[in-house]
Amino acid sequence: DAGVIQSPRHEVTEMGQEVTLRCKPISGHDYLFWYRQTMMRGLELLIYFNNNVPIDDSGMPEDRFSAKMPNASFSTLKIQPSEPRDSAVYFCASSFSGGHYEQYFGPGTRLTVT
Amino acid sequence: GDSVTQMEGPVTLSEEAFLTINCTYTATGYPSLFWYVQYPGEGLQLLLKATKADDKGSNKGFEATYRKETTSFHLEKGSVQVSDSAVYFCALPNAGNMLTFGGGTRLMVKP
């Protein structure tokens, strides 16, 4: 299995631009999670989906952030407009409801907003 | 709600030293417990797990025993290597297949 795939691995953009991060979960997994990791705040859960439906988005920092999961094999996290404080590593993870809660993480997207 | 608390780092050890990273949890019932490891520049990956009380999880020379009496799941390794330098996260399940992670403990192993 290829594991969780994220793209791009690195993104550098200017403040005010739209940024889209992409994730392909492991085939057969029915949960998908988006996390953000910074030195100051550690690992934060932003939003998670079950069977493509958003279940809890209470971790999304503000309306500039949005996430979608149009099908079982693809999800996006969009920031519009981006700000320097959004600079972080964004991880996608997936899990299977029959799998004792184990989550499998992607390699992350390192976002730098200048 | 359910939570985990792990020791703050960084933990700095010499190669071949003994490692302990403490993790305690607060939970209703006896959930599965996990240790994840994050190597530099990578995502988190499952290191080991224990699915019930008194179980011992082990992998790559690391061990952790699920102790319900002390609500602990401490991570241990008898002889660390430079390649073990990473951040270690203790975690337990929450509603909706979520995981609650500890704050992470950075381990630095010097040759």
# chains A, B, ... in the order shown; residues from 1 in each chain; ligands from 1
>>> select_by_dssp(residues="segment 4-87 of chain B", states="strand (DSSP E)", output="PyMOL selection string")
chain B and resi 4-6+11-14+19-21+23-26+33-38+45-50+56-59+62-65+75-77+86-87
>>> interface_residues(of="chain B", to="chain A", cutoff="12 Å", atoms="only C-alpha atoms", output="ChimeraX atom specification")
/B:31-52,87,89,91-106
>>> residues_around(residues="Ala72 of chain A", least_positions_apart="6", cutoff="9 Å", atoms="only C-alpha atoms", output="list in words")
Lys24, Pro25, Ser27, Gly28, His29, Asp30, Asn51 and Asn52 of chain A
>>> write_last_selection(atoms="N, CA and C atoms", output="short mmCIF file (atom, residue, chain, number, x, y, z; two decimals), in the first residue's frame")
data_model
loop_
_atom_site.label_atom_id
_atom_site.label_comp_id
_atom_site.auth_asym_id
_atom_site.auth_seq_id
_atom_site.Cartn_x
_atom_site.Cartn_y
_atom_site.Cartn_z
N LYS A 24 -4.64 12.10 -0.29
CA LYS A 24 -5.26 10.84 -0.72
C LYS A 24 -5.10 9.84 0.42
N PRO A 25 -6.21 9.43 1.05
CA PRO A 25 -6.08 8.49 2.18
C PRO A 25 -5.79 7.07 1.70
N SER A 27 -6.59 3.42 0.83
CA SER A 27 -7.81 2.82 0.29
C SER A 27 -8.49 1.96 1.36
N GLY A 28 -9.81 2.14 1.49
CA GLY A 28 -10.57 1.37 2.46
C GLY A 28 -10.74 2.05 3.81
N HIS A 29 -9.98 3.09 4.05
CA HIS A 29 -10.14 3.84 5.30
C HIS A 29 -11.34 4.77 5.19
N ASP A 30 -12.12 4.85 6.29
CA ASP A 30 -13.34 5.65 6.25
C ASP A 30 -13.27 6.90 7.11
N ASN A 51 -16.69 8.78 6.29
CA ASN A 51 -17.43 8.48 5.06
C ASN A 51 -17.69 9.75 4.24
N ASN A 52 -16.68 10.57 4.12
CA ASN A 52 -16.67 11.79 3.31
C ASN A 52 -17.48 12.94 3.90
#
>>> residues_around(residues="Lys56 of chain B", least_positions_apart="4", cutoff="7 Å", atoms="only C-alpha atoms", output="ChimeraX atom specification")
/B:50,63-66
>>> write_last_selection(atoms="N, CA and C atoms", output="JSON list (two decimals), in the first residue's frame")
[["chain", "number", "residue", "atom", "x", "y", "z"],
["B", 50, "ALA", "N", -1.01, -0.94, 22.82],
["B", 50, "ALA", "CA", -1.54, -1.95, 23.73],
["B", 50, "ALA", "C", -3.05, -1.77, 23.75],
["B", 63, "GLU", "N", 9.50, -0.68, 24.35],
["B", 63, "GLU", "CA", 8.41, -1.37, 25.03],
["B", 63, "GLU", "C", 7.60, -0.38, 25.86],
["B", 64, "ALA", "N", 6.33, -0.72, 26.06],
["B", 64, "ALA", "CA", 5.48, 0.06, 26.96],
["B", 64, "ALA", "C", 4.42, -0.89, 27.51],
["B", 65, "THR", "N", 4.18, -0.82, 28.81],
["B", 65, "THR", "CA", 3.21, -1.69, 29.46],
["B", 65, "THR", "C", 2.03, -0.86, 29.94],
["B", 66, "TYR", "N", 0.86, -1.31, 29.61],
["B", 66, "TYR", "CA", -0.41, -0.67, 29.96],
["B", 66, "TYR", "C", -0.70, -1.01, 31.42]]
>>> closest_residue(among="A:Ser75, A:Gln17, A:Glu83, A:Tyr35", to="Met60 of chain A", atoms="only C-alpha atoms")
A:Tyr35
>>> residues_around(residues="Val113 of chain A", least_positions_apart="6", cutoff="12 Å", atoms="only C-alpha atoms", output="ChimeraX atom specification")
/A:10-19,79-89
>>> write_last_selection(atoms="C-alpha atoms", output="PDB file, in the first residue's frame")
ATOM      1  CA  HIS A  10       6.408  22.131   0.183  1.00  0.00           C
ATOM      2  CA  GLU A  11       4.493  25.293  -0.625  1.00  0.00           C
ATOM      3  CA  VAL A  12       5.764  28.846  -0.482  1.00  0.00           C
ATOM      4  CA  THR A  13       3.264  31.585  -1.167  1.00  0.00           C
ATOM      5  CA  GLU A  14       2.726  35.248  -0.544  1.00  0.00           C
ATOM      6  CA  MET A  15       0.277  36.630   1.947  1.00  0.00           C
ATOM      7  CA  GLY A  16      -3.189  36.968   0.482  1.00  0.00           C
ATOM      8  CA  GLN A  17      -2.862  34.105  -1.972  1.00  0.00           C
ATOM      9  CA  GLU A  18      -5.057  31.027  -1.990  1.00  0.00           C
ATOM     10  CA  VAL A  19      -3.424  27.778  -0.961  1.00  0.00           C
ATOM     11  CA  ILE A  79      -6.719  28.623   2.952  1.00  0.00           C
ATOM     12  CA  GLN A  80      -8.016  31.813   1.391  1.00  0.00           C
ATOM     13  CA  PRO A  81      -6.539  34.337   1.906  1.00  0.00           C
ATOM     14  CA  SER A  82      -3.349  33.011   3.444  1.00  0.00           C
ATOM     15  CA  GLU A  83      -1.485  34.853   6.201  1.00  0.00           C
ATOM     16  CA  PRO A  84       2.055  34.477   7.585  1.00  0.00           C
ATOM     17  CA  ARG A  85       0.680  32.944  10.814  1.00  0.00           C
ATOM     18  CA  ASP A  86      -0.657  30.034   8.727  1.00  0.00           C
ATOM     19  CA  SER A  87       2.922  28.874   8.165  1.00  0.00           C
ATOM     20  CA  ALA A  88       3.094  25.345   9.550  1.00  0.00           C
ATOM     21  CA  VAL A  89       3.290  21.703   8.573  1.00  0.00           C
TER      22      VAL A  89
END
>>> decode(residues="segment 17-31 of chain A", atoms="N, CA and C atoms", output="compact mmCIF listing (two decimals), in the first residue's frame")
# COMPACT_ATOMS: atom_id res chain seq x y z
N GLN A 17 -2.61 35.08 -0.92
CA GLN A 17 -2.86 34.11 -1.97
C GLN A 17 -3.67 32.93 -1.44
N GLU A 18 -4.33 32.24 -2.34
CA GLU A 18 -5.06 31.03 -1.99
C GLU A 18 -4.11 29.84 -2.03
N VAL A 19 -4.24 28.98 -1.05
CA VAL A 19 -3.42 27.78 -0.96
C VAL A 19 -4.34 26.56 -0.87
N THR A 20 -4.04 25.53 -1.64
CA THR A 20 -4.81 24.29 -1.58
C THR A 20 -3.88 23.12 -1.32
N LEU A 21 -4.15 22.41 -0.25
CA LEU A 21 -3.40 21.22 0.11
C LEU A 21 -4.25 20.00 -0.20
N ARG A 22 -3.59 18.95 -0.66
CA ARG A 22 -4.31 17.77 -1.12
C ARG A 22 -3.91 16.51 -0.37
N CYS A 23 -4.86 15.59 -0.27
CA CYS A 23 -4.60 14.36 0.48
C CYS A 23 -5.35 13.20 -0.17
N LYS A 24 -4.64 12.10 -0.29
CA LYS A 24 -5.26 10.84 -0.72
C LYS A 24 -5.10 9.84 0.42
N PRO A 25 -6.21 9.43 1.05
CA PRO A 25 -6.08 8.49 2.18
C PRO A 25 -5.79 7.07 1.70
N ILE A 26 -5.52 6.21 2.64
CA ILE A 26 -5.32 4.79 2.33
C ILE A 26 -6.66 4.19 1.89
N SER A 27 -6.59 3.42 0.83
CA SER A 27 -7.81 2.82 0.29
C SER A 27 -8.49 1.96 1.36
N GLY A 28 -9.81 2.14 1.49
CA GLY A 28 -10.57 1.37 2.46
C GLY A 28 -10.74 2.05 3.81
N HIS A 29 -9.98 3.09 4.05
CA HIS A 29 -10.14 3.84 5.30
C HIS A 29 -11.34 4.77 5.19
N ASP A 30 -12.12 4.85 6.29
CA ASP A 30 -13.34 5.65 6.25
C ASP A 30 -13.27 6.90 7.11
N TYR A 31 -12.13 7.12 7.75
CA TYR A 31 -11.93 8.37 8.49
C TYR A 31 -10.75 9.12 7.89
